[in-house]
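Enquirer: So here's final.txt (compact mmCIF, C-alpha atoms).
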```txt
# COMPACT_ATOMS: atom_id res chain seq x y z
CA MET V 1 -0.22 -5.34 -24.07
CA LYS V 2 -2.19 -2.17 -23.41
CA LYS V 3 -4.05 -1.79 -26.72
CA ILE V 4 -5.18 -4.71 -28.86
CA LEU V 5 -7.01 -4.97 -32.17
CA ILE V 6 -9.51 -7.84 -32.36
CA THR V 7 -10.89 -8.58 -35.82
CA GLY V 8 -14.19 -10.42 -35.88
CA ALA V 9 -15.13 -8.69 -32.63
CA ALA V 10 -18.86 -9.38 -33.09
CA GLY V 11 -18.17 -13.04 -33.76
CA PHE V 12 -18.63 -15.90 -31.32
CA ILE V 13 -15.02 -16.13 -30.13
CA GLY V 14 -14.21 -12.48 -30.78
CA ALA V 15 -16.88 -11.02 -28.52
CA HIS V 16 -15.99 -13.36 -25.66
CA LEU V 17 -12.29 -12.49 -26.03
CA CYS V 18 -13.08 -8.77 -26.07
CA ARG V 19 -14.89 -9.16 -22.75
CA LYS V 20 -11.97 -10.96 -21.12
CA LEU V 21 -9.43 -8.40 -22.34
CA ILE V 22 -11.58 -5.44 -21.29
CA ASP V 23 -12.06 -6.96 -17.84
CA GLY V 24 -8.28 -7.23 -17.65
CA GLY V 25 -7.85 -3.51 -18.27
CA VAL V 26 -6.88 -3.69 -21.94
CA GLU V 27 -8.10 -1.11 -24.45
CA VAL V 28 -9.75 -3.02 -27.30
CA VAL V 29 -10.54 -1.89 -30.84
CA GLY V 30 -13.00 -4.38 -32.30
CA LEU V 31 -13.21 -4.64 -36.08
CA ASP V 32 -16.29 -6.30 -37.57
CA ASN V 33 -18.22 -5.65 -40.78
CA LEU V 34 -21.42 -7.26 -39.38
CA ASN V 35 -22.07 -9.16 -42.61
CA ASP V 36 -25.20 -11.25 -43.15
CA TYR V 37 -23.62 -14.73 -43.32
CA TYR V 38 -25.89 -15.20 -40.32
CA ASP V 39 -28.27 -12.88 -38.46
CA PRO V 40 -26.49 -9.53 -37.87
CA ARG V 41 -28.85 -8.89 -34.93
CA LEU V 42 -27.21 -11.74 -33.03
CA LYS V 43 -23.81 -10.21 -33.76
CA LEU V 44 -24.90 -6.80 -32.51
CA ASP V 45 -26.48 -8.25 -29.37
CA ARG V 46 -23.44 -10.43 -28.74
CA MET V 47 -21.08 -7.47 -29.03
CA ALA V 48 -23.31 -5.21 -26.95
CA HIS V 49 -23.66 -7.77 -24.17
CA LEU V 50 -20.05 -8.99 -24.07
CA ALA V 51 -18.00 -6.01 -25.19
CA GLY V 52 -20.22 -2.93 -25.11
CA GLY V 53 -20.75 -0.53 -22.26
CA SER V 54 -17.05 0.01 -21.62
CA ASP V 55 -15.00 3.06 -22.50
CA ARG V 56 -12.17 0.63 -23.22
CA PHE V 57 -13.98 -0.78 -26.28
CA THR V 58 -14.38 0.80 -29.73
CA HIS V 59 -16.18 -0.89 -32.62
CA VAL V 60 -14.88 -0.23 -36.13
CA ASN V 61 -17.06 -1.34 -39.05
CA ILE V 62 -14.81 -1.92 -42.07
CA GLU V 63 -14.10 -4.69 -44.56
CA LEU V 64 -10.83 -6.55 -44.08
CA SER V 65 -10.50 -6.75 -47.86
CA ASP V 66 -10.57 -2.94 -48.11
CA ARG V 67 -6.85 -2.26 -48.20
CA GLY V 68 -7.14 1.51 -47.74
CA SER V 69 -9.45 1.28 -44.73
CA VAL V 70 -7.24 -1.28 -43.00
CA LYS V 71 -4.16 0.84 -43.69
CA ASP V 72 -5.92 3.91 -42.22
CA LEU V 73 -6.90 1.93 -39.12
CA PHE V 74 -3.30 1.01 -38.38
CA GLU V 75 -2.20 4.60 -38.96
CA GLN V 76 -4.82 5.92 -36.53
CA HIS V 77 -3.96 3.49 -33.72
CA LYS V 78 -0.84 2.06 -32.15
CA PHE V 79 -1.63 -1.58 -31.39
CA ASP V 80 0.58 -3.66 -29.13
CA ALA V 81 -0.99 -6.87 -30.42
CA VAL V 82 -3.47 -7.94 -33.08
CA VAL V 83 -5.74 -10.98 -32.85
CA ASN V 84 -7.27 -11.93 -36.20
CA LEU V 85 -10.49 -13.87 -35.63
CA ALA V 86 -12.35 -12.45 -38.64
CA ALA V 87 -12.94 -15.01 -41.36
CA GLN V 88 -15.52 -16.35 -43.71
CA ALA V 89 -16.39 -19.42 -41.69
CA GLY V 90 -18.03 -22.72 -42.56
CA VAL V 91 -16.80 -25.75 -44.47
CA ARG V 92 -19.94 -26.44 -46.50
CA TYR V 93 -20.53 -22.81 -47.45
CA SER V 94 -17.12 -22.77 -49.14
CA LEU V 95 -18.57 -25.05 -51.82
CA ILE V 96 -21.27 -22.47 -52.53
CA ASN V 97 -19.46 -19.13 -52.29
CA PRO V 98 -15.71 -19.71 -52.65
CA HIS V 99 -14.90 -16.09 -53.54
CA SER V 100 -15.93 -14.85 -50.09
CA TYR V 101 -13.22 -17.06 -48.57
CA VAL V 102 -10.58 -15.55 -50.84
CA ASP V 103 -11.73 -11.98 -50.13
CA THR V 104 -11.74 -12.25 -46.33
CA ASN V 105 -9.49 -15.16 -45.43
CA ILE V 106 -6.70 -14.43 -47.88
CA VAL V 107 -6.88 -10.82 -49.16
CA GLY V 108 -8.05 -9.53 -45.77
CA PHE V 109 -5.37 -11.54 -44.00
CA VAL V 110 -2.61 -9.99 -46.10
CA ASN V 111 -3.99 -6.53 -45.35
CA ILE V 112 -3.75 -7.23 -41.61
CA LEU V 113 -0.23 -8.61 -41.99
CA GLU V 114 0.80 -5.46 -43.83
CA GLY V 115 -0.71 -3.30 -41.08
CA CYS V 116 1.26 -5.21 -38.47
CA ARG V 117 4.43 -5.03 -40.53
CA TYR V 118 4.46 -1.26 -40.87
CA SER V 119 3.16 -0.29 -37.44
CA GLY V 120 5.47 -2.19 -35.11
CA VAL V 121 2.93 -4.67 -33.69
CA LYS V 122 4.62 -6.83 -31.04
CA HIS V 123 2.56 -9.98 -31.61
CA PHE V 124 0.14 -11.12 -34.30
CA VAL V 125 -2.13 -13.96 -33.18
CA PHE V 126 -4.51 -15.52 -35.68
CA ALA V 127 -7.21 -18.15 -35.77
CA SER V 128 -6.41 -21.19 -37.84
CA SER V 129 -8.63 -24.27 -37.67
CA SER V 130 -8.68 -27.99 -36.98
CA SER V 131 -9.91 -28.31 -40.57
CA VAL V 132 -6.31 -27.87 -41.81
CA TYR V 133 -5.67 -31.50 -40.84
CA GLY V 134 -7.87 -32.48 -43.78
CA ALA V 135 -7.12 -36.01 -44.95
CA ASN V 136 -4.84 -36.76 -41.98
CA THR V 137 -5.96 -39.84 -40.03
CA LYS V 138 -3.25 -40.23 -37.35
CA MET V 139 -4.90 -39.35 -34.03
CA PRO V 140 -4.67 -37.15 -32.07
CA PHE V 141 -3.86 -34.41 -34.57
CA SER V 142 -0.46 -32.91 -33.80
CA VAL V 143 0.87 -29.50 -34.82
CA HIS V 144 4.12 -31.30 -35.62
CA ASP V 145 2.48 -33.29 -38.43
CA ASN V 146 2.32 -32.24 -42.07
CA VAL V 147 -1.01 -30.69 -43.10
CA ASP V 148 -0.73 -30.48 -46.87
CA HIS V 149 -3.99 -32.23 -47.78
CA PRO V 150 -6.97 -29.96 -47.00
CA VAL V 151 -10.41 -31.19 -48.11
CA SER V 152 -12.27 -27.86 -48.30
CA LEU V 153 -11.48 -24.37 -49.54
CA TYR V 154 -12.06 -23.10 -46.00
CA ALA V 155 -9.32 -25.41 -44.75
CA ALA V 156 -7.04 -24.39 -47.60
CA SER V 157 -7.55 -20.71 -46.76
CA LYS V 158 -6.60 -21.37 -43.15
CA LYS V 159 -3.49 -23.30 -44.15
CA SER V 160 -2.58 -20.38 -46.42
CA ASN V 161 -2.85 -18.06 -43.39
CA GLU V 162 -0.24 -20.13 -41.58
CA LEU V 163 2.08 -20.00 -44.58
CA MET V 164 1.67 -16.25 -45.04
CA ALA V 165 2.23 -15.59 -41.33
CA HIS V 166 5.45 -17.60 -41.41
CA THR V 167 6.64 -15.61 -44.41
CA TYR V 168 6.14 -12.32 -42.55
CA SER V 169 7.90 -13.74 -39.50
CA HIS V 170 10.84 -14.69 -41.72
CA LEU V 171 11.01 -11.52 -43.82
CA PHE V 172 10.11 -8.86 -41.25
CA ASN V 173 10.73 -10.55 -37.89
CA LEU V 174 7.03 -10.16 -37.06
CA PRO V 175 6.16 -12.53 -34.16
CA THR V 176 3.16 -14.62 -35.23
CA THR V 177 1.21 -17.40 -33.56
CA GLY V 178 -1.46 -19.52 -35.24
CA LEU V 179 -4.16 -21.23 -33.19
CA ARG V 180 -6.01 -24.25 -34.51
CA PHE V 181 -9.42 -24.27 -32.82
CA PHE V 182 -11.41 -27.48 -32.46
CA THR V 183 -15.25 -27.35 -32.75
CA VAL V 184 -16.01 -24.43 -30.45
CA TYR V 185 -19.41 -24.30 -28.73
CA GLY V 186 -21.14 -22.45 -25.90
CA PRO V 187 -23.35 -19.41 -25.13
CA TRP V 188 -23.69 -16.86 -27.94
CA GLY V 189 -22.58 -19.51 -30.43
CA ARG V 190 -22.90 -19.47 -34.21
CA PRO V 191 -26.31 -20.35 -35.72
CA ASP V 192 -24.67 -22.44 -38.47
CA MET V 193 -23.01 -24.78 -35.97
CA ALA V 194 -24.47 -28.15 -34.98
CA LEU V 195 -25.40 -27.30 -31.37
CA PHE V 196 -27.39 -24.24 -32.41
CA LEU V 197 -29.08 -26.04 -35.31
CA PHE V 198 -29.92 -29.09 -33.19
CA THR V 199 -31.29 -27.05 -30.30
CA ARG V 200 -33.53 -24.96 -32.51
CA ALA V 201 -34.84 -27.99 -34.42
CA ILE V 202 -35.54 -30.07 -31.31
CA LEU V 203 -37.41 -27.23 -29.59
CA GLU V 204 -39.44 -26.70 -32.77
CA ASP V 205 -40.15 -30.45 -33.02
CA ARG V 206 -38.29 -30.75 -36.33
CA PRO V 207 -35.84 -33.53 -37.25
CA ILE V 208 -32.11 -32.90 -37.06
CA ASP V 209 -29.69 -33.82 -39.86
CA VAL V 210 -27.08 -36.27 -38.55
CA PHE V 211 -24.28 -36.61 -41.08
CA ASN V 212 -22.17 -39.68 -41.82
CA ASN V 213 -25.07 -41.68 -40.37
CA GLY V 214 -24.00 -40.58 -36.90
CA ASN V 215 -20.44 -41.91 -37.23
CA MET V 216 -18.83 -38.54 -36.59
CA GLU V 217 -16.41 -37.73 -33.77
CA ARG V 218 -15.41 -34.22 -32.74
CA ASP V 219 -13.12 -32.66 -30.16
CA PHE V 220 -15.80 -30.31 -28.79
CA THR V 221 -14.19 -27.33 -27.02
CA TYR V 222 -16.07 -24.94 -24.74
CA ILE V 223 -15.83 -21.23 -25.52
CA ASP V 224 -14.31 -20.23 -22.17
CA ASP V 225 -11.49 -22.74 -22.70
CA ILE V 226 -10.76 -21.32 -26.14
CA VAL V 227 -10.72 -17.73 -24.85
CA GLU V 228 -8.44 -18.59 -21.93
CA GLY V 229 -6.02 -20.23 -24.35
CA VAL V 230 -6.00 -17.23 -26.70
CA PHE V 231 -5.56 -14.85 -23.77
CA ARG V 232 -2.48 -16.69 -22.55
CA VAL V 233 -0.99 -16.90 -26.03
CA ILE V 234 -1.36 -13.15 -26.67
CA HIS V 235 0.92 -12.34 -23.77
CA ARG V 236 3.70 -14.75 -24.75
CA VAL V 237 5.55 -13.49 -27.80
CA PRO V 238 7.25 -16.31 -29.75
CA THR V 239 10.95 -16.35 -30.51
CA GLY V 240 12.89 -18.37 -33.03
CA ASP V 241 14.01 -21.91 -32.21
CA ALA V 242 17.77 -22.14 -32.64
CA ALA V 243 17.51 -25.95 -32.84
CA TRP V 244 15.08 -25.88 -35.79
CA ASP V 245 16.43 -28.11 -38.57
CA GLY V 246 15.75 -27.41 -42.24
CA ASP V 247 16.69 -31.01 -43.10
CA ASN V 248 13.90 -32.24 -40.83
CA PRO V 249 11.52 -29.25 -40.63
CA ASP V 250 9.03 -29.08 -37.78
CA PRO V 251 5.77 -27.49 -39.09
CA ALA V 252 4.86 -26.14 -35.62
CA THR V 253 8.01 -24.12 -34.98
CA SER V 254 10.64 -22.19 -36.91
CA TYR V 255 14.00 -20.46 -36.79
CA CYS V 256 11.98 -17.22 -36.94
CA PRO V 257 9.38 -15.99 -34.36
CA TYR V 258 6.53 -18.26 -35.46
CA ARG V 259 4.49 -20.89 -33.62
CA VAL V 260 1.34 -22.97 -34.10
CA TYR V 261 -0.78 -24.52 -31.33
CA ASN V 262 -3.89 -26.65 -31.11
CA ILE V 263 -6.58 -25.49 -28.69
CA GLY V 264 -8.97 -28.38 -28.15
CA ASN V 265 -10.41 -30.49 -25.38
CA ASN V 266 -8.02 -33.39 -26.14
CA ASN V 267 -11.02 -35.70 -26.04
CA LYS V 268 -12.95 -36.80 -29.11
CA GLU V 269 -16.64 -37.47 -28.53
CA LYS V 270 -19.15 -39.25 -30.73
CA LEU V 271 -21.73 -36.95 -32.29
CA LEU V 272 -24.52 -39.21 -31.04
CA ARG V 273 -23.33 -38.72 -27.46
CA TYR V 274 -23.28 -34.96 -28.04
CA ILE V 275 -26.90 -35.24 -29.11
CA GLU V 276 -27.77 -37.38 -26.08
CA VAL V 277 -26.38 -34.76 -23.70
CA LEU V 278 -28.33 -32.06 -25.53
CA GLU V 279 -31.53 -34.13 -25.30
CA SER V 280 -30.99 -34.46 -21.57
CA CYS V 281 -30.48 -30.72 -21.14
CA LEU V 282 -33.57 -29.90 -23.22
CA GLY V 283 -35.73 -32.63 -21.72
CA ARG V 284 -36.73 -33.70 -25.23
CA LYS V 285 -35.76 -36.42 -27.68
CA ALA V 286 -34.47 -35.55 -31.14
CA LYS V 287 -35.94 -36.85 -34.35
CA LYS V 288 -32.87 -37.90 -36.32
CA ASN V 289 -32.50 -37.71 -40.09
CA PHE V 290 -29.42 -39.83 -40.80
CA MET V 291 -27.49 -38.65 -43.84
CA GLU V 292 -24.26 -39.47 -45.67
CA MET V 293 -20.98 -37.63 -45.18
CA GLN V 294 -21.03 -34.16 -46.73
CA PRO V 295 -18.32 -32.91 -49.13
CA GLY V 296 -15.54 -31.13 -47.23
CA ASP V 297 -16.30 -32.85 -43.91
CA VAL V 298 -13.94 -35.18 -42.06
CA PRO V 299 -15.10 -38.14 -39.93
CA ALA V 300 -13.17 -37.21 -36.78
CA THR V 301 -11.12 -34.49 -35.09
CA TYR V 302 -8.97 -34.92 -31.99
CA ALA V 303 -6.44 -32.38 -30.66
CA ASP V 304 -3.00 -33.13 -29.30
CA VAL V 305 -2.45 -30.23 -26.88
CA ASP V 306 0.92 -31.26 -25.45
CA ASP V 307 2.60 -28.07 -26.69
CA LEU V 308 -0.13 -25.90 -25.16
CA VAL V 309 0.36 -27.66 -21.82
CA ALA V 310 4.16 -27.46 -22.02
CA ASP V 311 4.38 -23.78 -22.98
CA PHE V 312 1.38 -22.33 -21.12
CA ASP V 313 0.60 -24.86 -18.38
CA TYR V 314 -2.93 -24.92 -19.74
CA LYS V 315 -5.26 -27.71 -20.87
CA PRO V 316 -8.96 -27.23 -21.74
CA ASP V 317 -11.14 -29.59 -19.72
CA THR V 318 -14.80 -28.44 -19.72
CA THR V 319 -17.21 -31.37 -19.89
CA LEU V 320 -19.96 -31.69 -22.47
CA GLU V 321 -22.55 -31.81 -19.71
CA TYR V 322 -21.48 -28.44 -18.32
CA GLY V 323 -20.88 -26.73 -21.67
CA ILE V 324 -24.08 -27.84 -23.37
CA SER V 325 -26.18 -26.98 -20.31
CA LYS V 326 -24.74 -23.44 -20.32
CA PHE V 327 -25.59 -23.09 -24.01
CA VAL V 328 -29.15 -24.33 -23.49
CA ASP V 329 -29.62 -21.88 -20.59
CA TRP V 330 -28.41 -19.03 -22.79
CA TYR V 331 -30.53 -20.11 -25.77
CA ARG V 332 -33.73 -20.34 -23.71
CA ASP V 333 -33.08 -16.92 -22.20
CA TYR V 334 -32.08 -15.18 -25.44
CA TYR V 335 -34.95 -16.53 -27.52
CA LYS V 336 -37.44 -16.62 -24.64
CA VAL V 337 -38.19 -20.30 -25.23
```
Is it possible to express this structure as structure tokens?
Expert:
Amino acid sequence: MKKILITGAAGFIGAHLCRKLIDGGVEVVGLDNLNDYYDPRLKLDRMAHLAGGSDRFTHVNIELSDRGSVKDLFEQHKFDAVVNLAAQAGVRYSLINPHSYVDTNIVGFVNILEGCRYSGVKHFVFASSSSVYGANTKMPFSVHDNVDHPVSLYAASKKSNELMAHTYSHLFNLPTTGLRFFTVYGPWGRPDMALFLFTRAILEDRPIDVFNNGNMERDFTYIDDIVEGVFRVIHRVPTGDAAWDGDNPDPATSYCPYRVYNIGNNNKEKLLRYIEVLESCLGRKAKKNFMEMQPGDVPATYADVDDLVADFDYKPDTTLEYGISKFVDWYRDYYKV
């Protein structure tokens, strides 16, 4: 894989992945429209710090939903692989602005698939989400379980990505791999995520909103673990499973070159413990505003990563203490707190 397209290159995961690929000698084209869902300055700084300064990186500012621009991009470059990390993120925001999820996560996704189809891309890797497990309650969440009951439009859009990718694998023999990420955190993180919101509020002596009255559990996964998992997946192109059985279909595999994996820490943690570790790292106690469960949220996430271990000999294992301390160090440095 000598030349790779990363969509969402100014995003949290995208910028970190760009850095790892560039350091490995890969030429990276980073697509990002730098929208204002959150502060574009953070996106620019993130991309400049992690991906900029290398002649192996090129930023392209276009909208994924712009079919003509995406088509032109694929005609101008010959990509060995494409990693689609661009998406309208956020569960709660999908209740406010549903059309943005359709434009980016569905229309934009089809445009990328079409680019891959016509340009001979060897492997299309895309970000799915732990949110696709929706109303599932069997723990840990397994890629081999049915995920037909999403509880937010964001989750539904991610499930639709998996379905569309499988269709292109079936129709056009395009190798595709979907990655379900579990609550990613770490330096250069997203301002709409809990760790960022909590840190800012605690340092400003404001209360933090703790949903479901604190009875939330999440499989918190450190950014470096996510990036390492994506990096390994890119370089292993899936093939069809000859043993796949249509009478007993496995959602994680297929007769065509399609796979789905969880990338999570395989360790659910209580939100209140997450907050305790953050308090320790900040040297301050949080004022907690306990609130009810929000629409679209789920009470717990927990990743079964057996397939990731079996196929890539890789299992994320960064502790909360290490990961949160690295975020706090970055936050204090970036914001000069």
Enquirer: Quick one: which segment 73-106 of chain V residues come within 9 Å of segment 30-54 of chain V, and what is the nearest atom pair for each with the distance in Å to one decimal, counting only C-alpha atoms, rows ordered by chain and ascending number, as a tab-separated table?
Expert:
```
residue	atom	partner	partner_atom	distance
V:Ala86	CA	V:Asp32	CA	7.4
V:Gln88	CA	V:Tyr37	CA	8.3
V:Ala89	CA	V:Tyr37	CA	8.8
```
Enquirer: Using all atoms listed in the file - which residues lie no farther than 12 Å from the point (-24.5, -34.0, -46.2) in the file's frame? Write them as JSON, numbers by chain.
Expert: {"V": [91, 92, 93, 208, 209, 210, 211, 212, 213, 214, 289, 290, 291, 292, 293, 294, 295, 296, 297, 298]}
Enquirer: Give me a file of those residues, with C-alpha atoms, as a PDB file, in the coordinates of the input.
Expert:
```
ATOM      1  CA  VAL V  91     -16.800 -25.750 -44.470  1.00  0.00           C
ATOM      2  CA  ARG V  92     -19.940 -26.440 -46.500  1.00  0.00           C
ATOM      3  CA  TYR V  93     -20.530 -22.810 -47.450  1.00  0.00           C
ATOM      4  CA  ILE V 208     -32.110 -32.900 -37.060  1.00  0.00           C
ATOM      5  CA  ASP V 209     -29.690 -33.820 -39.860  1.00  0.00           C
ATOM      6  CA  VAL V 210     -27.080 -36.270 -38.550  1.00  0.00           C
ATOM      7  CA  PHE V 211     -24.280 -36.610 -41.080  1.00  0.00           C
ATOM      8  CA  ASN V 212     -22.170 -39.680 -41.820  1.00  0.00           C
ATOM      9  CA  ASN V 213     -25.070 -41.680 -40.370  1.00  0.00           C
ATOM     10  CA  GLY V 214     -24.000 -40.580 -36.900  1.00  0.00           C
ATOM     11  CA  ASN V 289     -32.500 -37.710 -40.090  1.00  0.00           C
ATOM     12  CA  PHE V 290     -29.420 -39.830 -40.800  1.00  0.00           C
ATOM     13  CA  MET V 291     -27.490 -38.650 -43.840  1.00  0.00           C
ATOM     14  CA  GLU V 292     -24.260 -39.470 -45.670  1.00  0.00           C
ATOM     15  CA  MET V 293     -20.980 -37.630 -45.180  1.00  0.00           C
ATOM     16  CA  GLN V 294     -21.030 -34.160 -46.730  1.00  0.00           C
ATOM     17  CA  PRO V 295     -18.320 -32.910 -49.130  1.00  0.00           C
ATOM     18  CA  GLY V 296     -15.540 -31.130 -47.230  1.00  0.00           C
ATOM     19  CA  ASP V 297     -16.300 -32.850 -43.910  1.00  0.00           C
ATOM     20  CA  VAL V 298     -13.940 -35.180 -42.060  1.00  0.00           C
TER      21      VAL V 298
END
```
Enquirer: Just need the box for segment 270-278 of chain V, edges along x, y and z, holding every atom the file lists for it with 4 Å tacked onto each side, so centre and edge lengths in Å to one decimal, as JSON.
Expert:
```
{"center_x": -23.7, "center_y": -35.7, "center_z": -28.0, "size_x": 17.2, "size_y": 15.2, "size_z": 16.6}
```
Enquirer: Would you mind telling me which residue in V:Phe327, V:Trp244, V:Phe74, V:Phe312 lies nearest to Pro257 of chain V when using all atoms listed in the file?
Expert: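 Smallest separation from Pro257 of chain V among the options: V:Trp244.
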Enquirer: Applying 10 Å and all atoms listed in the file, which residues near Arg232 of chain V remain after dropping the ones on its own chain fewer than 3 positions away? List them as a ChimeraX atom specification.
Expert: /V:227-229,235-236,308,311-314
Enquirer: Return the single residue from V:Tyr302, V:Tyr255, V:Trp330, V:Tyr322 that is closest to Asn136 of chain V, with distances computed using only C-alpha atoms.
Expert: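 Selected residue with least distance to Asn136 of chain V: V:Tyr302.
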Enquirer: Find the residue from V:Leu179, V:Val309, V:Val328, V:Val82 that sits nearest to Ser129 of chain V; use only C-alpha atoms when measuring.
Expert: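 Of the candidates, the smallest distance to Ser129 of chain V is held by V:Leu179.
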Enquirer: For atom CA of Gly108 of chain V and atom CA of Asp250 of chain V, determine how far apart the two atoms are, in Å to one decimal place.
Expert: 27.2 Å
Enquirer: If we count all atoms listed in the file and set the cut-off at 6 Å, which residues sit around Val132 of chain V, ignoring sequence neighbours fewer than 4 positions away in its own chain? Please answer as a ChimeraX atom specification.
Expert: /V:150,155,159
Enquirer: Quick one: of V:Phe109, V:Phe196, V:Tyr222, V:Phe12, who's nearest to Leu278 of chain V, counting all atoms listed in the file?
Expert: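 Selected residue with least distance to Leu278 of chain V: V:Phe196.
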Enquirer: Mind giving me the straight-line distance from atom CA of Lys326 of chain V to atom CA of Arg56 of chain V in Å, one decimal?
Expert: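 Distance between the two atoms: 27.3 Å.
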